[in-house]
$ cat input-v4.cif   # mmCIF, C-alpha atoms
data_final
#
loop_
_atom_site.label_atom_id
_atom_site.label_comp_id
_atom_site.auth_asym_id
_atom_site.auth_seq_id
_atom_site.Cartn_x
_atom_site.Cartn_y
_atom_site.Cartn_z
CA MET A 66 8.97 52.68 26.04
CA CYS A 67 11.75 52.52 23.47
CA GLU A 68 10.08 49.51 21.89
CA LEU A 69 6.74 51.35 21.79
CA HIS A 70 8.42 54.32 20.09
CA ARG A 71 9.92 52.03 17.49
CA MET A 72 6.46 50.48 16.87
CA GLN A 73 4.98 53.95 16.55
CA ALA A 74 7.62 54.92 14.00
CA LYS A 75 6.91 51.81 11.96
CA VAL A 76 3.14 52.47 11.92
CA ARG A 77 3.85 56.11 10.94
CA ASP A 78 5.93 54.90 7.98
CA LEU A 79 3.33 52.36 6.78
CA TRP A 80 0.07 54.28 7.51
CA PRO A 81 0.80 58.02 7.97
CA ASP A 82 -2.86 58.90 8.43
CA SER A 83 -3.65 56.26 11.11
CA PRO A 84 -4.63 57.45 14.64
CA VAL A 85 -1.63 55.71 16.18
CA ALA A 86 0.80 57.38 13.80
CA GLN A 87 -0.67 60.79 14.57
CA GLU A 88 -1.32 60.48 18.31
CA GLY A 89 1.28 57.88 19.45
CA MET A 90 0.99 54.39 20.89
CA SER A 91 0.84 55.10 24.59
CA THR A 92 -2.74 53.77 24.55
CA VAL A 93 -4.53 51.22 22.46
CA VAL A 94 -6.76 53.78 20.73
CA THR A 95 -7.07 57.51 21.41
CA VAL A 96 -10.75 58.50 21.52
CA PRO A 97 -11.60 62.20 21.49
CA HIS A 98 -13.98 63.24 24.28
CA ALA A 99 -16.09 65.27 21.92
CA ALA A 100 -16.60 62.60 19.28
CA THR A 101 -19.32 63.49 16.88
CA VAL A 102 -22.14 61.00 16.30
CA ARG A 103 -21.97 59.74 12.75
CA PRO A 104 -25.27 59.50 10.87
CA ALA A 105 -26.67 56.04 10.32
CA PRO A 106 -25.41 54.77 6.97
CA ARG A 107 -27.69 53.25 4.36
CA ARG A 108 -25.45 50.17 4.20
CA ARG A 109 -23.47 48.05 6.65
CA ARG A 110 -20.60 49.92 8.27
CA LYS A 111 -17.03 49.06 7.43
CA LEU A 112 -14.46 48.37 10.12
CA TRP A 113 -12.69 51.72 9.63
CA GLU A 114 -16.05 53.54 9.84
CA LEU A 115 -16.67 52.43 13.45
CA GLU A 116 -16.05 54.70 16.43
CA SER A 117 -12.47 54.35 17.63
CA LYS A 118 -13.41 52.99 21.05
CA TYR A 119 -15.18 50.02 19.45
CA LEU A 120 -12.15 48.85 17.45
CA CYS A 121 -10.41 47.23 20.44
CA PRO A 122 -13.32 44.93 21.51
CA VAL A 123 -14.18 44.11 17.88
CA VAL A 124 -10.63 43.11 16.96
CA GLY A 125 -9.97 41.36 20.27
CA THR A 126 -13.30 39.51 20.48
CA CYS A 127 -14.28 38.83 16.87
CA LEU A 128 -10.84 37.75 15.59
CA SER A 129 -8.49 35.10 16.89
CA LEU A 130 -4.77 35.70 17.29
CA GLU A 131 -4.14 33.31 14.41
CA ASP A 132 -6.38 35.43 12.17
CA ILE A 133 -4.47 38.58 13.14
CA LYS A 134 -1.07 36.91 12.67
CA ARG A 135 -2.03 35.66 9.22
CA ILE A 136 -3.18 39.14 8.14
CA ALA A 137 -0.09 40.70 9.73
CA ARG A 138 2.21 38.45 7.73
CA LYS A 139 0.28 39.20 4.55
CA ASP A 140 0.06 43.00 4.95
CA GLY A 141 3.38 43.50 6.73
CA PHE A 142 2.49 45.17 10.04
CA SER A 143 3.89 42.49 12.39
CA GLY A 144 6.99 44.03 13.92
CA SER A 145 10.05 42.04 14.94
CA GLY A 146 9.60 40.55 18.40
CA PHE A 147 5.91 41.49 18.71
CA ASP A 148 4.09 39.64 21.47
CA ASP A 149 0.33 38.98 21.37
CA TYR A 150 -0.55 42.27 23.06
CA ARG A 151 1.56 44.40 20.76
CA LEU A 152 0.19 42.59 17.74
CA HIS A 153 -3.33 43.32 19.00
CA VAL A 154 -2.42 47.01 19.48
CA GLU A 155 -1.02 47.14 15.96
CA ALA A 156 -4.16 45.54 14.49
CA VAL A 157 -6.44 48.03 16.34
CA SER A 158 -4.28 50.89 15.09
CA VAL A 159 -4.40 49.94 11.42
CA ALA A 160 -8.17 49.24 11.64
CA GLY A 161 -8.92 52.93 12.22
CA SER A 162 -8.40 53.90 8.58
CA ARG A 163 -8.91 52.27 5.23
CA ASN A 164 -5.80 50.46 4.03
CA SER A 165 -4.81 47.02 2.78
CA ALA A 166 -4.57 45.63 6.32
CA SER A 167 -7.97 47.00 7.45
CA GLU A 168 -9.57 45.67 4.25
CA SER A 169 -8.10 42.23 5.01
CA LEU A 170 -9.49 42.47 8.55
CA GLN A 171 -12.91 43.44 7.14
CA LYS A 172 -12.95 40.47 4.73
CA THR A 173 -11.89 38.05 7.45
CA LEU A 174 -14.57 39.30 9.85
CA ASP A 175 -17.31 39.09 7.20
CA ARG A 176 -16.27 35.60 6.15
CA LYS A 177 -15.84 34.31 9.69
CA HIS A 178 -19.14 35.68 11.00
CA LEU A 179 -21.24 35.38 7.85
CA LYS A 180 -23.91 33.33 9.64
CA ALA A 181 -24.38 35.95 12.38
CA VAL A 182 -24.47 38.81 9.85
CA LYS A 183 -27.19 37.05 7.84
CA SER A 184 -29.11 36.35 11.06
CA PHE A 185 -29.16 40.08 11.93
CA GLU A 186 -30.30 41.09 8.44
CA GLN A 187 -33.90 40.36 9.48
CA ALA A 188 -33.73 43.27 11.97
CA ARG A 189 -35.20 46.38 10.28
CA ASP A 190 -34.73 48.92 13.08
CA ASP A 191 -32.57 49.69 16.09
CA ALA A 192 -34.95 48.02 18.59
CA ALA A 193 -34.90 44.76 16.64
CA VAL A 194 -31.10 44.82 16.53
CA ALA A 195 -30.94 45.40 20.31
CA GLU A 196 -33.40 42.55 20.94
CA LEU A 197 -31.38 40.14 18.78
CA TRP A 198 -28.22 41.16 20.61
CA ARG A 199 -29.81 40.38 24.00
CA ARG A 200 -30.96 36.95 22.79
CA HIS A 201 -27.51 35.98 21.55
CA LEU A 202 -25.86 37.32 24.71
CA GLU A 203 -28.14 35.13 26.88
CA LEU A 204 -27.10 32.11 24.79
CA GLY A 205 -23.42 32.95 25.28
CA GLU A 206 -22.91 33.91 21.61
CA VAL A 207 -20.76 37.04 21.55
CA ALA A 208 -18.15 37.24 18.75
CA GLY A 209 -20.36 36.93 15.66
CA PRO A 210 -23.31 38.94 17.06
CA LEU A 211 -20.94 41.72 18.21
CA TRP A 212 -19.60 42.16 14.68
CA ALA A 213 -23.12 42.03 13.26
CA VAL A 214 -24.37 44.73 15.73
CA MET A 215 -21.41 47.06 15.24
CA THR A 216 -21.73 47.04 11.44
CA HIS A 217 -25.55 46.81 11.14
CA LYS A 218 -26.98 49.75 9.19
CA ALA A 219 -29.98 50.05 11.56
CA ALA A 220 -27.99 49.88 14.85
CA GLY A 221 -27.99 53.23 16.67
CA PRO A 222 -25.30 54.68 18.93
CA GLU A 223 -27.09 53.49 22.09
CA THR A 224 -27.31 49.90 20.85
CA ARG A 225 -23.64 49.83 19.86
CA ALA A 226 -22.70 51.42 23.21
CA GLN A 227 -24.80 48.79 25.05
CA ALA A 228 -23.08 45.97 23.15
CA TYR A 229 -19.72 47.54 23.95
CA ALA A 230 -20.64 47.79 27.66
CA ASP A 231 -21.91 44.17 27.74
CA VAL A 232 -18.70 42.87 26.22
CA HIS A 233 -16.61 45.03 28.54
CA MET A 234 -18.34 43.70 31.67
CA LEU A 235 -18.34 40.18 30.28
CA SER A 236 -14.56 40.37 29.88
CA HIS A 237 -14.23 41.37 33.57
CA GLN A 238 -16.50 38.53 34.64
CA VAL A 239 -14.68 36.04 32.47
CA GLY A 240 -11.33 37.22 33.84
CA ALA A 241 -12.48 36.90 37.45
CA GLY A 242 -14.03 33.51 36.73
CA GLN A 243 -10.86 32.35 35.04
CA ALA A 244 -8.79 33.38 38.07
CA ALA A 245 -11.08 31.43 40.41
CA ASP A 246 -11.08 28.52 38.01
CA ALA A 247 -7.28 28.64 37.85
CA ARG A 248 -7.02 28.45 41.65
CA ARG A 249 -9.58 25.66 41.75
CA LEU A 250 -7.79 23.89 38.92
CA ALA A 251 -4.45 24.10 40.71
CA PHE A 252 -6.02 22.62 43.86
CA LEU A 253 -7.76 19.89 41.87
CA GLU A 254 -4.58 19.06 39.95
CA GLY A 255 -2.70 18.63 43.23
CA GLU A 256 -5.52 16.52 44.64
CA THR A 257 -5.65 14.50 41.43
CA GLU A 258 -1.91 13.88 41.53
CA ARG A 259 -2.13 12.75 45.18
CA LEU A 260 -5.07 10.46 44.47
CA ALA A 261 -3.37 9.10 41.35
CA TYR A 262 -0.23 8.28 43.36
CA GLN A 263 -2.33 6.59 46.04
CA ALA A 264 -4.30 4.74 43.36
CA ARG A 265 -1.06 3.50 41.76
CA GLN A 266 0.18 2.25 45.10
CA ASP A 267 -3.14 0.52 45.77
CA ALA A 268 -3.15 -0.96 42.28
CA GLU A 269 0.38 -2.29 42.69
CA ARG A 270 -0.51 -3.78 46.06
CA MET A 271 -3.71 -5.31 44.71
CA ALA A 272 -1.88 -6.60 41.62
CA GLY A 273 0.68 -8.37 43.82
CA GLU A 274 -2.03 -9.86 45.99
CA LEU A 275 -4.01 -10.91 42.92
CA ALA A 276 -0.93 -12.53 41.37
CA ARG A 277 -0.28 -14.50 44.57
CA ARG A 278 -3.90 -15.63 44.75
CA SER A 279 -3.94 -16.54 41.06
CA GLU A 280 -0.80 -18.62 41.52
CA ARG A 281 -2.36 -20.34 44.53
CA ILE A 282 -5.57 -21.04 42.58
CA LEU A 283 -3.59 -22.52 39.67
CA GLY A 284 -1.73 -24.77 42.10
CA LEU A 285 -4.96 -25.96 43.71
CA GLU A 286 -6.55 -26.59 40.30
CA ALA A 287 -3.53 -28.67 39.25
CA GLU A 288 -3.76 -30.69 42.45
CA LEU A 289 -7.50 -31.20 41.87
CA GLN A 290 -6.87 -32.42 38.31
CA ASP A 291 -4.24 -34.87 39.59
CA LEU A 292 -6.67 -36.18 42.21
CA ARG A 293 -9.40 -36.68 39.60
CA LYS A 294 -7.02 -38.56 37.28
CA ALA A 295 -5.82 -40.70 40.17
CA ARG A 296 -9.42 -41.50 41.14
CA LEU A 297 -10.26 -42.57 37.57
CA GLU A 298 -7.12 -44.68 37.27
CA LEU A 299 -7.90 -46.30 40.63
CA ALA A 300 -11.41 -47.20 39.44
CA VAL A 301 -10.01 -48.75 36.25
CA LEU A 302 -7.40 -50.73 38.15
CA ARG A 303 -10.00 -52.02 40.57
CA GLY A 304 -12.15 -53.21 37.68
CA ARG A 305 -9.20 -54.97 36.00
CA LEU A 306 -8.21 -56.55 39.29
CA ALA A 307 -11.73 -57.93 39.72
CA GLU A 308 -11.67 -59.38 36.17
CA LEU A 309 -8.28 -61.03 36.77
CA GLU A 310 -9.44 -62.54 40.01
CA SER A 311 -12.55 -63.97 38.33
CA GLY A 312 -10.69 -65.33 35.24
CA GLN A 313 -12.82 -63.37 32.78
CA ALA A 314 -9.88 -61.21 31.72
CA LEU A 315 -7.91 -64.20 30.36
CA VAL A 316 -10.91 -65.43 28.35
CA GLY A 317 -11.45 -61.97 26.92
CA LEU A 318 -7.76 -61.63 26.02
CA GLY A 319 -7.84 -64.96 24.19
CA ARG A 320 -10.87 -63.95 22.15
CA ARG A 321 -9.33 -60.60 21.28
CA LEU A 322 -6.08 -62.29 20.25
CA LEU A 323 -7.92 -64.65 17.85
CA MET A 324 -9.86 -61.75 16.35
CA LEU A 325 -6.70 -59.65 15.92
CA GLU A 326 -4.83 -62.53 14.26
CA ALA A 327 -7.69 -63.01 11.77
CA ALA A 328 -7.85 -59.28 11.07
CA ASN A 329 -4.07 -59.15 10.68
CA GLY A 330 -4.14 -61.94 8.10
CA GLU A 331 -6.84 -60.15 6.11
CA LEU A 332 -4.91 -56.88 6.25
CA ARG A 333 -1.72 -58.60 5.04
CA ALA A 334 -3.61 -60.08 2.08
CA GLN A 335 -5.11 -56.71 1.25
CA ALA A 336 -1.71 -55.05 1.53
CA ALA A 337 -0.18 -57.59 -0.86
CA ARG A 338 -2.99 -57.00 -3.35
CA LEU A 339 -2.54 -53.23 -3.03
CA VAL A 340 1.22 -53.49 -3.59
CA ASP A 341 0.66 -55.58 -6.69
CA SER A 342 -2.05 -53.19 -7.95
CA ASP A 343 0.20 -50.21 -7.26
CA ALA A 344 3.06 -51.76 -9.22
CA ARG A 345 0.78 -52.51 -12.17
CA LEU A 346 -0.63 -48.97 -11.96
CA ARG A 347 2.85 -47.45 -12.05
CA ASP A 348 3.71 -49.59 -15.08
CA ARG A 349 0.54 -48.43 -16.81
CA MET A 350 1.24 -44.79 -15.94
CA ARG A 351 4.78 -45.04 -17.32
CA GLU A 352 3.40 -46.64 -20.47
CA VAL A 353 0.78 -43.87 -20.76
CA ASP A 354 3.47 -41.19 -20.31
CA ARG A 355 5.63 -42.87 -22.94
CA LEU A 356 2.72 -43.11 -25.37
CA ARG A 357 1.76 -39.48 -24.72
CA ALA A 358 5.31 -38.33 -25.31
CA GLU A 359 5.50 -40.43 -28.48
CA ARG A 360 2.13 -39.06 -29.60
CA ASP A 361 3.22 -35.47 -28.97
CA SER A 362 6.48 -36.08 -30.81
CA LEU A 363 4.66 -37.61 -33.77
CA VAL A 364 2.19 -34.70 -33.82
CA LEU A 365 5.06 -32.24 -33.86
CA GLU A 366 6.80 -34.16 -36.62
CA ARG A 367 3.57 -34.33 -38.62
CA ASP A 368 2.96 -30.60 -38.20
CA ALA A 369 6.54 -29.84 -39.15
CA LEU A 370 6.34 -32.01 -42.25
CA GLU A 371 3.03 -30.40 -43.28
CA HIS A 372 4.53 -26.97 -42.65
CA LEU A 373 7.53 -27.75 -44.83
CA LEU A 374 5.42 -29.22 -47.61
CA LEU A 375 2.98 -26.31 -47.57
CA ALA A 376 5.83 -23.79 -47.45
CA GLU A 377 7.32 -25.24 -50.67
CA SER A 378 4.01 -26.09 -52.38
CA PRO A 379 3.09 -23.91 -55.37
CA ASP A 380 -0.43 -23.62 -53.90
CA GLY A 381 0.83 -22.83 -50.41
CA PRO A 382 1.14 -19.35 -48.88
CA GLY A 383 3.92 -17.21 -50.20
CA CYS A 384 7.09 -16.59 -48.17
CA ASP A 385 10.25 -14.66 -48.96
CA GLY A 386 12.31 -16.84 -46.58
CA HIS A 387 12.71 -14.16 -43.92
CA CYS A 388 9.65 -14.72 -41.69
CA THR A 389 10.28 -15.92 -38.15
CA GLY A 390 10.30 -19.73 -37.85
CA CYS A 391 10.00 -20.32 -41.60
CA PRO A 392 12.10 -23.31 -42.76
CA ALA A 393 13.12 -21.25 -45.76
CA THR A 394 15.37 -19.24 -43.45
CA LEU A 395 17.81 -22.19 -43.76
CA ARG A 396 18.21 -21.56 -47.49
CA ASP A 397 21.82 -21.74 -48.72
CA ARG A 398 22.94 -23.18 -45.37
CA CYS A 399 24.95 -26.39 -44.97
CA VAL A 400 23.41 -28.92 -42.56
CA LEU A 401 25.18 -32.09 -41.43
CA CYS A 402 23.05 -35.16 -40.60
CA VAL A 403 24.93 -37.61 -38.35
CA GLY A 404 23.23 -41.03 -38.23
CA GLY A 405 19.69 -41.72 -39.36
CA ARG A 406 18.37 -44.33 -41.72
CA THR A 407 20.55 -44.85 -44.75
CA ALA A 408 17.53 -45.99 -46.79
CA LEU A 409 15.85 -42.59 -46.18
CA LEU A 410 18.92 -40.57 -47.15
CA PRO A 411 17.53 -39.79 -50.68
CA GLN A 412 14.31 -38.47 -49.07
CA TYR A 413 16.42 -36.44 -46.61
CA ARG A 414 18.31 -34.89 -49.51
CA LEU A 415 15.13 -34.28 -51.53
CA LEU A 416 13.46 -32.45 -48.64
CA ALA A 417 16.62 -30.43 -47.98
CA GLU A 418 16.96 -29.50 -51.65
CA ARG A 419 13.33 -28.33 -51.77
CA LEU A 420 14.20 -25.97 -48.94
CA GLY A 421 17.44 -24.81 -50.55
CA VAL A 422 19.55 -26.53 -47.88
CA ARG A 423 22.82 -28.26 -48.77
CA LEU A 424 22.80 -31.56 -46.86
CA ILE A 425 25.89 -33.61 -46.03
CA HIS A 426 25.68 -36.96 -44.25
CA HIS A 427 27.68 -39.24 -41.97
CA ASP A 428 26.23 -42.61 -40.93
CA GLY A 429 27.36 -42.17 -37.32
CA GLY A 430 30.13 -44.79 -37.33
CA ARG A 431 28.23 -47.81 -38.64
CA GLU A 432 30.19 -48.07 -41.90
CA GLU A 433 32.00 -44.72 -42.26
CA ALA A 434 35.02 -44.00 -40.13
CA LEU A 435 34.65 -41.58 -37.26
CA SER A 436 37.89 -39.90 -38.27
CA ARG A 437 36.01 -38.17 -41.10
CA LEU A 438 33.39 -36.71 -38.73
CA PRO A 439 35.42 -33.69 -37.48
CA GLU A 440 35.98 -32.52 -41.05
CA LEU A 441 32.24 -32.68 -41.82
CA LEU A 442 31.36 -30.95 -38.54
CA ALA A 443 33.71 -28.10 -39.36
CA ALA A 444 32.25 -27.69 -42.85
CA SER A 445 28.59 -27.50 -41.69
CA ASP A 446 26.53 -24.58 -40.36
CA ALA A 447 24.27 -26.76 -38.20
CA VAL A 448 23.90 -30.41 -37.17
CA ILE A 449 20.99 -32.85 -36.99
CA CYS A 450 21.56 -36.08 -35.05
CA PRO A 451 18.80 -38.78 -34.87
CA THR A 452 19.67 -40.50 -31.58
CA ASP A 453 17.94 -43.80 -32.47
CA CYS A 454 20.35 -44.52 -35.37
CA VAL A 455 23.81 -43.35 -34.30
CA SER A 456 26.72 -44.89 -32.42
CA HIS A 457 27.62 -43.70 -28.95
CA PRO A 458 31.11 -42.41 -29.94
CA ALA A 459 29.62 -40.40 -32.81
CA TYR A 460 26.86 -39.04 -30.58
CA TYR A 461 29.28 -37.81 -27.91
CA GLN A 462 31.71 -36.45 -30.50
CA VAL A 463 28.90 -34.39 -32.09
CA LYS A 464 27.79 -32.96 -28.73
CA LYS A 465 31.34 -32.14 -27.70
CA HIS A 466 32.18 -30.41 -30.97
CA CYS A 467 28.97 -28.37 -31.08
CA LYS A 468 29.36 -27.21 -27.47
CA GLN A 469 32.98 -26.23 -28.05
CA VAL A 470 32.37 -24.19 -31.20
CA GLY A 471 28.81 -23.08 -30.33
CA LYS A 472 27.22 -24.66 -33.37
CA PRO A 473 23.43 -25.23 -33.35
CA CYS A 474 22.57 -28.90 -32.98
CA VAL A 475 19.16 -30.64 -32.91
CA LEU A 476 18.97 -34.10 -31.27
CA THR A 477 15.87 -35.92 -32.52
CA ARG A 478 14.58 -39.25 -31.24
CA HIS A 479 13.20 -40.47 -34.57
CA SER A 480 15.13 -40.97 -37.75
CA GLY A 481 12.04 -41.02 -39.97
CA LEU A 482 11.32 -38.40 -42.62
CA SER A 483 8.89 -36.57 -40.33
CA GLY A 484 11.52 -36.50 -37.58
CA PHE A 485 14.03 -35.04 -40.04
CA ALA A 486 11.46 -32.41 -41.10
CA ALA A 487 10.79 -31.53 -37.48
CA ALA A 488 14.52 -31.13 -36.87
CA LEU A 489 14.80 -28.73 -39.83
CA GLU A 490 11.91 -26.65 -38.51
CA ARG A 491 13.44 -26.55 -35.01
CA LEU A 492 16.70 -25.33 -36.55
CA ALA A 493 14.79 -22.61 -38.38
CA ARG A 494 13.03 -21.55 -35.15
CA GLY A 495 16.27 -21.51 -33.12
CA GLN A 496 15.06 -24.35 -30.85
CA ALA A 497 18.24 -26.43 -30.92
CA GLU A 498 19.44 -28.37 -27.88
CA ILE A 499 22.86 -26.75 -28.39
CA HIS A 500 22.78 -23.05 -29.29
CA PRO A 501 25.47 -20.77 -30.70
CA MET A 502 27.47 -18.88 -28.10
CA PRO A 503 26.56 -15.16 -27.81
CA VAL A 504 29.07 -12.59 -29.02
CA GLY A 505 31.85 -12.17 -26.48
CA GLY A 506 31.11 -15.51 -24.79
CA GLN A 507 28.49 -14.00 -22.48
#

$ encode --input "input-v4.cif" --output "structure tokens"
Amino acid sequence: MCELHRMQAKVRDLWPDSPVAQEGMSTVVTVPHAATVRPAPRRRRKLWELESKYLCPVVGTCLSLEDIKRIARKDGFSGSGFDDYRLHVEAVSVAGSRNSASESLQKTLDRKHLKAVKSFEQARDDAAVAELWRRHLELGEVAGPLWAVMTHKAAGPETRAQAYADVHMLSHQVGAGQAADARRLAFLEGETERLAYQARQDAERMAGELARRSERILGLEAELQDLRKARLELAVLRGRLAELESGQALVGLGRRLLMLEAANGELRAQAARLVDSDARLRDRMREVDRLRAERDSLVLERDALEHLLLAESPDGPGCDGHCTGCPATLRDRCVLCVGGRTALLPQYRLLAERLGVRLIHHDGGREEALSRLPELLAASDAVICPTDCVSHPAYYQVKKHCKQVGKPCVLTRHSGLSGFAAALERLARGQAEIHPMPVGGQ
């Protein structure tokens, strides 16, 4: 009772004019005995316009507990520790007058039972409403039709009272049926558990028996397969024994041996021819690869030479010497050429001068001393080394020096003028075999 008094005080604080706040919460709804019959409205009734005794079945039947809880959280009438019954009592109490909670209940009921409300709109008088209610009740449709009947503008007091009575008796019948169903369900659950246990035992027993029979069947099938193989082998051996006894087997073996020796000789000859053809094919493929590589190198050298000539030609496209990959980016740089053809040295110098490059040369140890090479390497910004016209000591000394100091170095296979031009273009593009070390040695 203390809890009910606290609930009553809370309702009194939130909705002072509600029936519960004025009359207490000892009952769900207090209905005066001498309730006056309200005139039929010209519109659908609102929830708070219904007779008080109808609020309990409407809220309890037409709304789910989840609907009520959601509205209670929104409008703040769910007390601490409320159970489902107390929450239902609270919802019925606030539905008796117009407030934010009852308006939320009205909107939820209209939205949830919109289909039923529209279905009852075709009824123009009280008799039609009552007839529709009976049809839906026979079909087991109660919640939506109950809300539609209670709020229908044409429904009279007798029709609403009949709907109330039908729902009241239906609740008793449902409760009694549920009790019987619960007892029947408990019995059936026990019976089901017993039968399930027995079924599991039978299944385990049958599974064991089935496994033993399956194992026995597999063993018999294996024995049958062995017997069939043995029978076939016995038939073959009997046939061979008959051939040996008649002498036909030796004649057949001799013929097969002669045929195999002839076939073996032919296969050996074919294998020798294939080995020879394969060797020649590999030689041709290596020659093709070498020619392709030489062709690609010559194409690159030709393109580089044309690029250099066009870059310096008065009729060629203009360049300020700062575009990426342009040979003019080597302008005012000192390039050392180690090796190469001495006869082409004037052409090397002429091409370098046209590009603004200062060229110094060392013949790679053929006539000049290698002792002078370190001094030239130190004085140059980059190195070009044609590998077809340089001594081995000079070649290794150039690679060692450039790796140690991180100086860009281009190793070209051809010492011709086009090869020299290609080397200059590779230097300009930063495509050297040996690159400068990044800052910090990373």

$ atom_distance --input "input-v4.cif" --atom1 "CA of Val475 (chain A)" --atom2 "CA of Leu420 (chain A)"
17.4 Å

$ residues_around --input "input-v4.cif" --residues "Gly429 (chain A)" --least-positions-apart "3" --cutoff "7 Å" --atoms "all atoms listed in the file" --output "list of chain:residue names"
A:Val403, A:Gly404, A:Val455, A:Ser456, A:Ala459

$ atom_distance --input "input-v4.cif" --atom1 "CA of Ser342 (chain A)" --atom2 "CA of Asn329 (chain A)"
19.7 Å

$ atom_distance --input "input-v4.cif" --atom1 "CA of Ala195 (chain A)" --atom2 "CA of Gly209 (chain A)"
14.3 Å

$ resolve_selection --input "input-v4.cif" --expression "the PyMOL selection byres ((chain A and resi 223-234) around 10)" --output "PyMOL selection string"
chain A and resi 115-116+118-119+121-123+126+191-192+194-196+198-199+202+207-208+210-212+214-217+219-222+235-240

$ residues_around --input "input-v4.cif" --residues "Gly125 (chain A)" --least-positions-apart "6" --cutoff "10 Å" --atoms "only C-alpha atoms" --output "ChimeraX atom specification"
/A:133,150,153-154,156-157,208

$ resolve_selection --input "input-v4.cif" --expression "the PyMOL selection byres ((chain A and resi 114) around 9)" --output "number ranges by chain"
A: 110-113, 115-117, 161-163, 216

$ resolve_selection --input "input-v4.cif" --expression "the PyMOL selection byres ((chain A and resi 421) around 9)" --output "PyMOL selection string"
chain A and resi 393+395-398+416-420+422-423

$ closest_residue --input "input-v4.cif" --among "A:Arg491, A:Arg277, A:Arg406, A:Arg338" --to "Val448 (chain A)" --atoms "all atoms listed in the file"
A:Arg491

$ residues_near_point --input "input-v4.cif" --point "(29.8, -33.8, -43.9)" --cutoff "10 Å" --atoms "all atoms listed in the file" --output "VMD selection string"
chain A and resid 399 to 403 424 to 428 437 to 445 448

$ residues_around --input "input-v4.cif" --residues "Ile136 (chain A)" --least-positions-apart "6" --cutoff "10 Å" --atoms "all atoms listed in the file" --output "number ranges by chain"
A: 130, 142-143, 156, 165-170, 173
